[in-house]
Amino acid sequence: MLLSVMQANAVVLDIEANLATIDAAAQKAAGAGASLLLTPELFPVGYSPLRIRNELSQEELPGIREKLAEIARVHGIGLVYSLPAPAEDGGWYISARLLDAGGHVLLDYAKVHLFGDEERKAFSAARDAPAVVDFNGLNVSLLICYDVEFPEAVRAAAVRGAELLLVPTALSAGYEAVPQVLIRARALESQLHLAYANHSGHEDGCDFLGGSVVAGPDGSLMAAAGESAALLFAEVLADPVRAVREDVPYLGDRRPEVYREWDAPGRRA
């Protein structure tokens, strides 16, 4: 399966402009033969947690979601996008959704690890583990941004069978080690393809790193972007995942009962 990863600059709360950017990327990706387009965290509304919480109405979200589904249908391409979503406590989650090429919902995920004071003031932290669905013969799962920096989150997807992990992100400049080192390490230790789509440029007080990346299940670098807008492509297959898992069975050799003992409070050497 040919995967495409969009890196671009959003305009905070200029939803039409941001949807136009996604639409153009979807058209280009589909024209190149890609089956799936991954876009950055909160891209349709731009990344500015407090402005989004204070200025965006929940009543606008269904219309935005329908326009994104239409983009998938028109171009015949699967799509991962990220938007706020209502939370059980009356607040909002940061969510991600996977659509198939007909615009149908295959998978939803809500961000578990919130980063920084603004996100914690604007959003609620979710608790549900990442789920896995089949997409074009690959077992696919979702995380969002800071989630991927916790090995437990990636491993939770892997032990549920994920072979491709898709991660919308909003990573600011100064954290280059995340896409350059950590993403490849996460892909290697959980033996899956990992795609990480970031913003580029300046948005409402934040300078974004860019640096979107796709890593292979052996930790190899399959595609990488610089600081500016880009559309990446990578061929992702199930066979390499299954081969490395057979060669070095990290998942099968885990000892979770021992790790639970290690985590028990009060245990000291």
# chains A, B, ... in the order shown; residues from 1 in each chain; ligands from 1
$ residues_around --residues "Glu176 (chain A)" --least-positions-apart "6" --cutoff "10 Å" --atoms "only C-alpha atoms" --output "PyMOL selection string"
chain A and resi 182+209-211
$ residues_around --residues "Cys206 (chain A)" --least-positions-apart "6" --cutoff "12 Å" --atoms "only C-alpha atoms" --output "mmCIF file with all heavy atoms, in the first residue's frame"
data_model
loop_
_atom_site.group_PDB
_atom_site.id
_atom_site.type_symbol
_atom_site.label_atom_id
_atom_site.label_comp_id
_atom_site.auth_asym_id
_atom_site.auth_seq_id
_atom_site.Cartn_x
_atom_site.Cartn_y
_atom_site.Cartn_z
ATOM 1 N N ASN A 9 1.291 24.045 6.576
ATOM 2 C CA ASN A 9 1.039 25.133 7.512
ATOM 3 C C ASN A 9 -0.457 25.426 7.538
ATOM 4 O O ASN A 9 -1.050 25.709 6.489
ATOM 5 C CB ASN A 9 1.831 26.365 7.072
ATOM 6 C CG ASN A 9 1.648 27.557 7.978
ATOM 7 O OD1 ASN A 9 1.374 28.645 7.517
ATOM 8 N ND2 ASN A 9 1.804 27.373 9.262
ATOM 9 N N ALA A 10 -1.076 25.333 8.709
ATOM 10 C CA ALA A 10 -2.497 25.644 8.856
ATOM 11 C C ALA A 10 -2.675 27.100 9.272
ATOM 12 O O ALA A 10 -1.746 27.743 9.752
ATOM 13 C CB ALA A 10 -3.141 24.722 9.888
ATOM 14 N N VAL A 11 -3.893 27.592 9.088
ATOM 15 C CA VAL A 11 -4.269 28.927 9.565
ATOM 16 C C VAL A 11 -5.294 28.722 10.665
ATOM 17 O O VAL A 11 -6.357 28.135 10.427
ATOM 18 C CB VAL A 11 -4.857 29.782 8.426
ATOM 19 C CG1 VAL A 11 -5.200 31.183 8.946
ATOM 20 C CG2 VAL A 11 -3.890 29.862 7.246
ATOM 21 N N VAL A 12 -4.987 29.187 11.863
ATOM 22 C CA VAL A 12 -5.854 28.911 13.009
ATOM 23 C C VAL A 12 -7.257 29.459 12.767
ATOM 24 O O VAL A 12 -7.451 30.643 12.465
ATOM 25 C CB VAL A 12 -5.250 29.497 14.300
ATOM 26 C CG1 VAL A 12 -6.215 29.332 15.468
ATOM 27 C CG2 VAL A 12 -3.927 28.811 14.611
ATOM 28 N N GLY A 46 -6.449 24.286 12.771
ATOM 29 C CA GLY A 46 -5.195 24.885 13.190
ATOM 30 C C GLY A 46 -4.888 24.529 14.628
ATOM 31 O O GLY A 46 -5.775 24.132 15.400
ATOM 32 N N TYR A 47 -3.610 24.644 14.992
ATOM 33 C CA TYR A 47 -3.215 24.251 16.341
ATOM 34 C C TYR A 47 -3.072 25.485 17.230
ATOM 35 O O TYR A 47 -2.090 26.234 17.147
ATOM 36 C CB TYR A 47 -1.905 23.462 16.343
ATOM 37 C CG TYR A 47 -1.544 22.987 17.729
ATOM 38 C CD1 TYR A 47 -2.074 21.802 18.230
ATOM 39 C CD2 TYR A 47 -0.713 23.728 18.546
ATOM 40 C CE1 TYR A 47 -1.782 21.377 19.521
ATOM 41 C CE2 TYR A 47 -0.415 23.317 19.838
ATOM 42 C CZ TYR A 47 -0.942 22.138 20.320
ATOM 43 O OH TYR A 47 -0.652 21.727 21.585
ATOM 44 N N SER A 48 -4.060 25.710 18.076
ATOM 45 C CA SER A 48 -4.038 26.763 19.094
ATOM 46 C C SER A 48 -5.065 26.372 20.147
ATOM 47 O O SER A 48 -6.222 26.788 20.079
ATOM 48 C CB SER A 48 -4.378 28.129 18.486
ATOM 49 O OG SER A 48 -4.314 29.144 19.457
ATOM 50 N N PRO A 49 -4.668 25.533 21.118
ATOM 51 C CA PRO A 49 -5.644 24.905 22.013
ATOM 52 C C PRO A 49 -6.637 25.862 22.669
ATOM 53 O O PRO A 49 -7.854 25.612 22.650
ATOM 54 C CB PRO A 49 -4.758 24.207 23.041
ATOM 55 C CG PRO A 49 -3.522 23.867 22.285
ATOM 56 C CD PRO A 49 -3.299 25.024 21.378
ATOM 57 N N ALA A 170 1.620 17.801 16.323
ATOM 58 C CA ALA A 170 1.848 19.251 16.257
ATOM 59 C C ALA A 170 3.086 19.529 17.100
ATOM 60 O O ALA A 170 2.984 19.944 18.254
ATOM 61 C CB ALA A 170 0.631 20.026 16.765
ATOM 62 N N LEU A 171 4.243 19.265 16.538
ATOM 63 C CA LEU A 171 5.509 19.334 17.255
ATOM 64 C C LEU A 171 6.228 20.629 16.932
ATOM 65 O O LEU A 171 6.526 20.913 15.774
ATOM 66 C CB LEU A 171 6.390 18.144 16.884
ATOM 67 C CG LEU A 171 7.705 18.019 17.651
ATOM 68 C CD1 LEU A 171 7.452 17.572 19.083
ATOM 69 C CD2 LEU A 171 8.643 17.040 16.948
ATOM 70 N N SER A 172 6.539 21.390 17.969
ATOM 71 C CA SER A 172 7.207 22.674 17.763
ATOM 72 C C SER A 172 8.706 22.494 17.583
ATOM 73 O O SER A 172 9.277 21.438 17.894
ATOM 74 C CB SER A 172 6.919 23.610 18.940
ATOM 75 O OG SER A 172 7.374 23.048 20.146
ATOM 76 N N ALA A 173 9.360 23.528 17.089
ATOM 77 C CA ALA A 173 10.805 23.521 16.906
ATOM 78 C C ALA A 173 11.487 23.326 18.258
ATOM 79 O O ALA A 173 10.988 23.753 19.298
ATOM 80 C CB ALA A 173 11.254 24.820 16.258
ATOM 81 N N GLY A 174 12.636 22.684 18.234
ATOM 82 C CA GLY A 174 13.384 22.433 19.450
ATOM 83 C C GLY A 174 13.299 21.000 19.942
ATOM 84 O O GLY A 174 13.996 20.622 20.889
ATOM 85 N N HIS A 199 2.868 19.706 11.461
ATOM 86 C CA HIS A 199 2.689 21.027 10.877
ATOM 87 C C HIS A 199 4.049 21.585 10.454
ATOM 88 O O HIS A 199 5.101 21.156 10.942
ATOM 89 C CB HIS A 199 2.089 21.995 11.901
ATOM 90 C CG HIS A 199 0.713 21.654 12.359
ATOM 91 N ND1 HIS A 199 -0.381 22.455 12.106
ATOM 92 C CD2 HIS A 199 0.239 20.601 13.074
ATOM 93 C CE1 HIS A 199 -1.458 21.924 12.652
ATOM 94 N NE2 HIS A 199 -1.109 20.792 13.243
ATOM 95 N N SER A 200 4.016 22.588 9.603
ATOM 96 C CA SER A 200 5.205 23.360 9.276
ATOM 97 C C SER A 200 4.886 24.846 9.432
ATOM 98 O O SER A 200 3.718 25.239 9.469
ATOM 99 C CB SER A 200 5.663 23.079 7.837
ATOM 100 O OG SER A 200 4.670 23.479 6.908
#
$ select_by_dssp --residues "region 62-131 of chain A" --states "strand (DSSP E or B)" --output "PyMOL selection string"
chain A and resi 78-86+92-99+105-110
$ closest_atom_pairs --of "region 21-95 of chain A" --to "region 138-155 of chain A" --cutoff "9 Å" --atoms "only C-alpha atoms" --output "Markdown table"
| residue | atom | partner | partner_atom | distance |
| --- | --- | --- | --- | --- |
| A:Pro40 | CA | A:Cys145 | CA | 8.8 |
| A:Glu41 | CA | A:Ile144 | CA | 7.0 |
| A:Val80 | CA | A:Leu142 | CA | 8.9 |
| A:Ser82 | CA | A:Ile144 | CA | 8.5 |
| A:Ile94 | CA | A:Ile144 | CA | 8.2 |
| A:Ser95 | CA | A:Ile144 | CA | 7.7 |
$ write_last_selection --atoms "all heavy atoms" --output "compact mmCIF listing (two decimals), in the first residue's frame"
# COMPACT_ATOMS: atom_id res chain seq x y z
N PRO A 40 -1.80 16.30 9.83
CA PRO A 40 -1.34 16.63 11.18
C PRO A 40 -2.45 16.82 12.22
O PRO A 40 -3.64 16.95 11.89
CB PRO A 40 -0.55 17.94 10.97
CG PRO A 40 -0.19 17.96 9.53
CD PRO A 40 -1.35 17.30 8.84
N GLU A 41 -2.04 16.91 13.46
CA GLU A 41 -2.94 17.09 14.60
C GLU A 41 -3.71 18.40 14.50
O GLU A 41 -3.12 19.47 14.30
CB GLU A 41 -2.12 17.07 15.89
CG GLU A 41 -2.94 17.19 17.16
CD GLU A 41 -2.08 17.20 18.41
OE1 GLU A 41 -0.84 17.38 18.30
OE2 GLU A 41 -2.64 17.03 19.51
N VAL A 80 -6.75 10.21 7.26
CA VAL A 80 -6.67 10.37 8.71
C VAL A 80 -6.63 11.86 9.00
O VAL A 80 -5.77 12.57 8.49
CB VAL A 80 -5.43 9.68 9.30
CG1 VAL A 80 -5.30 10.01 10.79
CG2 VAL A 80 -5.49 8.18 9.10
N SER A 82 -7.52 14.98 12.31
CA SER A 82 -7.62 15.20 13.74
C SER A 82 -8.45 16.44 14.01
O SER A 82 -8.22 17.49 13.41
CB SER A 82 -6.22 15.35 14.34
OG SER A 82 -6.26 15.77 15.68
N ILE A 94 -8.89 15.77 22.13
CA ILE A 94 -8.25 15.86 20.82
C ILE A 94 -8.39 14.47 20.21
O ILE A 94 -7.97 13.48 20.80
CB ILE A 94 -6.76 16.24 20.93
CG1 ILE A 94 -6.61 17.61 21.57
CG2 ILE A 94 -6.11 16.23 19.54
CD1 ILE A 94 -5.16 18.02 21.82
N SER A 95 -9.01 14.39 19.05
CA SER A 95 -9.31 13.09 18.46
C SER A 95 -8.63 12.94 17.10
O SER A 95 -8.20 13.92 16.48
CB SER A 95 -10.82 12.89 18.30
OG SER A 95 -11.30 13.65 17.20
$ residues_around --residues "region 51-57 of chain A" --least-positions-apart "3" --cutoff "12 Å" --atoms "only C-alpha atoms" --output "ChimeraX atom specification"
/A:11-15,42-48,60-64,83-86,91-94,118-124,203-205
$ decode --residues "region 14-27 of chain A" --atoms "N, CA, C and O atoms" --output "PDB file, in the first residue's frame"
ATOM      1  N   ASP A  14      -9.196  29.199  10.329  1.00  0.00           N
ATOM      2  CA  ASP A  14      -9.599  29.419   8.931  1.00  0.00           C
ATOM      3  C   ASP A  14      -9.865  28.042   8.328  1.00  0.00           C
ATOM      4  O   ASP A  14      -9.031  27.466   7.626  1.00  0.00           O
ATOM      5  N   ILE A  15     -11.026  27.518   8.658  1.00  0.00           N
ATOM      6  CA  ILE A  15     -11.341  26.130   8.336  1.00  0.00           C
ATOM      7  C   ILE A  15     -11.376  25.896   6.838  1.00  0.00           C
ATOM      8  O   ILE A  15     -10.877  24.876   6.334  1.00  0.00           O
ATOM      9  N   GLU A  16     -11.938  26.831   6.090  1.00  0.00           N
ATOM     10  CA  GLU A  16     -12.012  26.653   4.631  1.00  0.00           C
ATOM     11  C   GLU A  16     -10.629  26.571   4.018  1.00  0.00           C
ATOM     12  O   GLU A  16     -10.370  25.741   3.132  1.00  0.00           O
ATOM     13  N   ALA A  17      -9.711  27.434   4.456  1.00  0.00           N
ATOM     14  CA  ALA A  17      -8.353  27.401   3.920  1.00  0.00           C
ATOM     15  C   ALA A  17      -7.670  26.081   4.265  1.00  0.00           C
ATOM     16  O   ALA A  17      -6.977  25.481   3.422  1.00  0.00           O
ATOM     17  N   ASN A  18      -7.858  25.616   5.480  1.00  0.00           N
ATOM     18  CA  ASN A  18      -7.211  24.373   5.899  1.00  0.00           C
ATOM     19  C   ASN A  18      -7.795  23.167   5.174  1.00  0.00           C
ATOM     20  O   ASN A  18      -7.058  22.245   4.786  1.00  0.00           O
ATOM     21  N   LEU A  19      -9.107  23.153   4.969  1.00  0.00           N
ATOM     22  CA  LEU A  19      -9.725  22.066   4.205  1.00  0.00           C
ATOM     23  C   LEU A  19      -9.257  22.091   2.753  1.00  0.00           C
ATOM     24  O   LEU A  19      -9.068  21.030   2.135  1.00  0.00           O
ATOM     25  N   ALA A  20      -9.044  23.271   2.205  1.00  0.00           N
ATOM     26  CA  ALA A  20      -8.529  23.370   0.839  1.00  0.00           C
ATOM     27  C   ALA A  20      -7.128  22.780   0.742  1.00  0.00           C
ATOM     28  O   ALA A  20      -6.775  22.138  -0.259  1.00  0.00           O
ATOM     29  N   THR A  21      -6.311  22.994   1.776  1.00  0.00           N
ATOM     30  CA  THR A  21      -4.974  22.406   1.794  1.00  0.00           C
ATOM     31  C   THR A  21      -5.049  20.884   1.826  1.00  0.00           C
ATOM     32  O   THR A  21      -4.313  20.189   1.103  1.00  0.00           O
ATOM     33  N   ILE A  22      -5.931  20.342   2.657  1.00  0.00           N
ATOM     34  CA  ILE A  22      -6.103  18.889   2.712  1.00  0.00           C
ATOM     35  C   ILE A  22      -6.628  18.358   1.388  1.00  0.00           C
ATOM     36  O   ILE A  22      -6.178  17.317   0.890  1.00  0.00           O
ATOM     37  N   ASP A  23      -7.598  19.062   0.802  1.00  0.00           N
ATOM     38  CA  ASP A  23      -8.165  18.643  -0.474  1.00  0.00           C
ATOM     39  C   ASP A  23      -7.098  18.575  -1.565  1.00  0.00           C
ATOM     40  O   ASP A  23      -7.034  17.599  -2.329  1.00  0.00           O
ATOM     41  N   ALA A  24      -6.232  19.572  -1.625  1.00  0.00           N
ATOM     42  CA  ALA A  24      -5.177  19.584  -2.636  1.00  0.00           C
ATOM     43  C   ALA A  24      -4.195  18.441  -2.414  1.00  0.00           C
ATOM     44  O   ALA A  24      -3.742  17.787  -3.369  1.00  0.00           O
ATOM     45  N   ALA A  25      -3.867  18.178  -1.160  1.00  0.00           N
ATOM     46  CA  ALA A  25      -2.956  17.072  -0.862  1.00  0.00           C
ATOM     47  C   ALA A  25      -3.589  15.730  -1.204  1.00  0.00           C
ATOM     48  O   ALA A  25      -2.927  14.831  -1.732  1.00  0.00           O
ATOM     49  N   ALA A  26      -4.885  15.590  -0.903  1.00  0.00           N
ATOM     50  CA  ALA A  26      -5.584  14.341  -1.212  1.00  0.00           C
ATOM     51  C   ALA A  26      -5.621  14.104  -2.719  1.00  0.00           C
ATOM     52  O   ALA A  26      -5.427  12.976  -3.189  1.00  0.00           O
ATOM     53  N   GLN A  27      -5.871  15.162  -3.476  1.00  0.00           N
ATOM     54  CA  GLN A  27      -5.891  15.032  -4.938  1.00  0.00           C
ATOM     55  C   GLN A  27      -4.525  14.602  -5.467  1.00  0.00           C
ATOM     56  O   GLN A  27      -4.422  13.698  -6.303  1.00  0.00           O
TER      57      GLN A  27
END
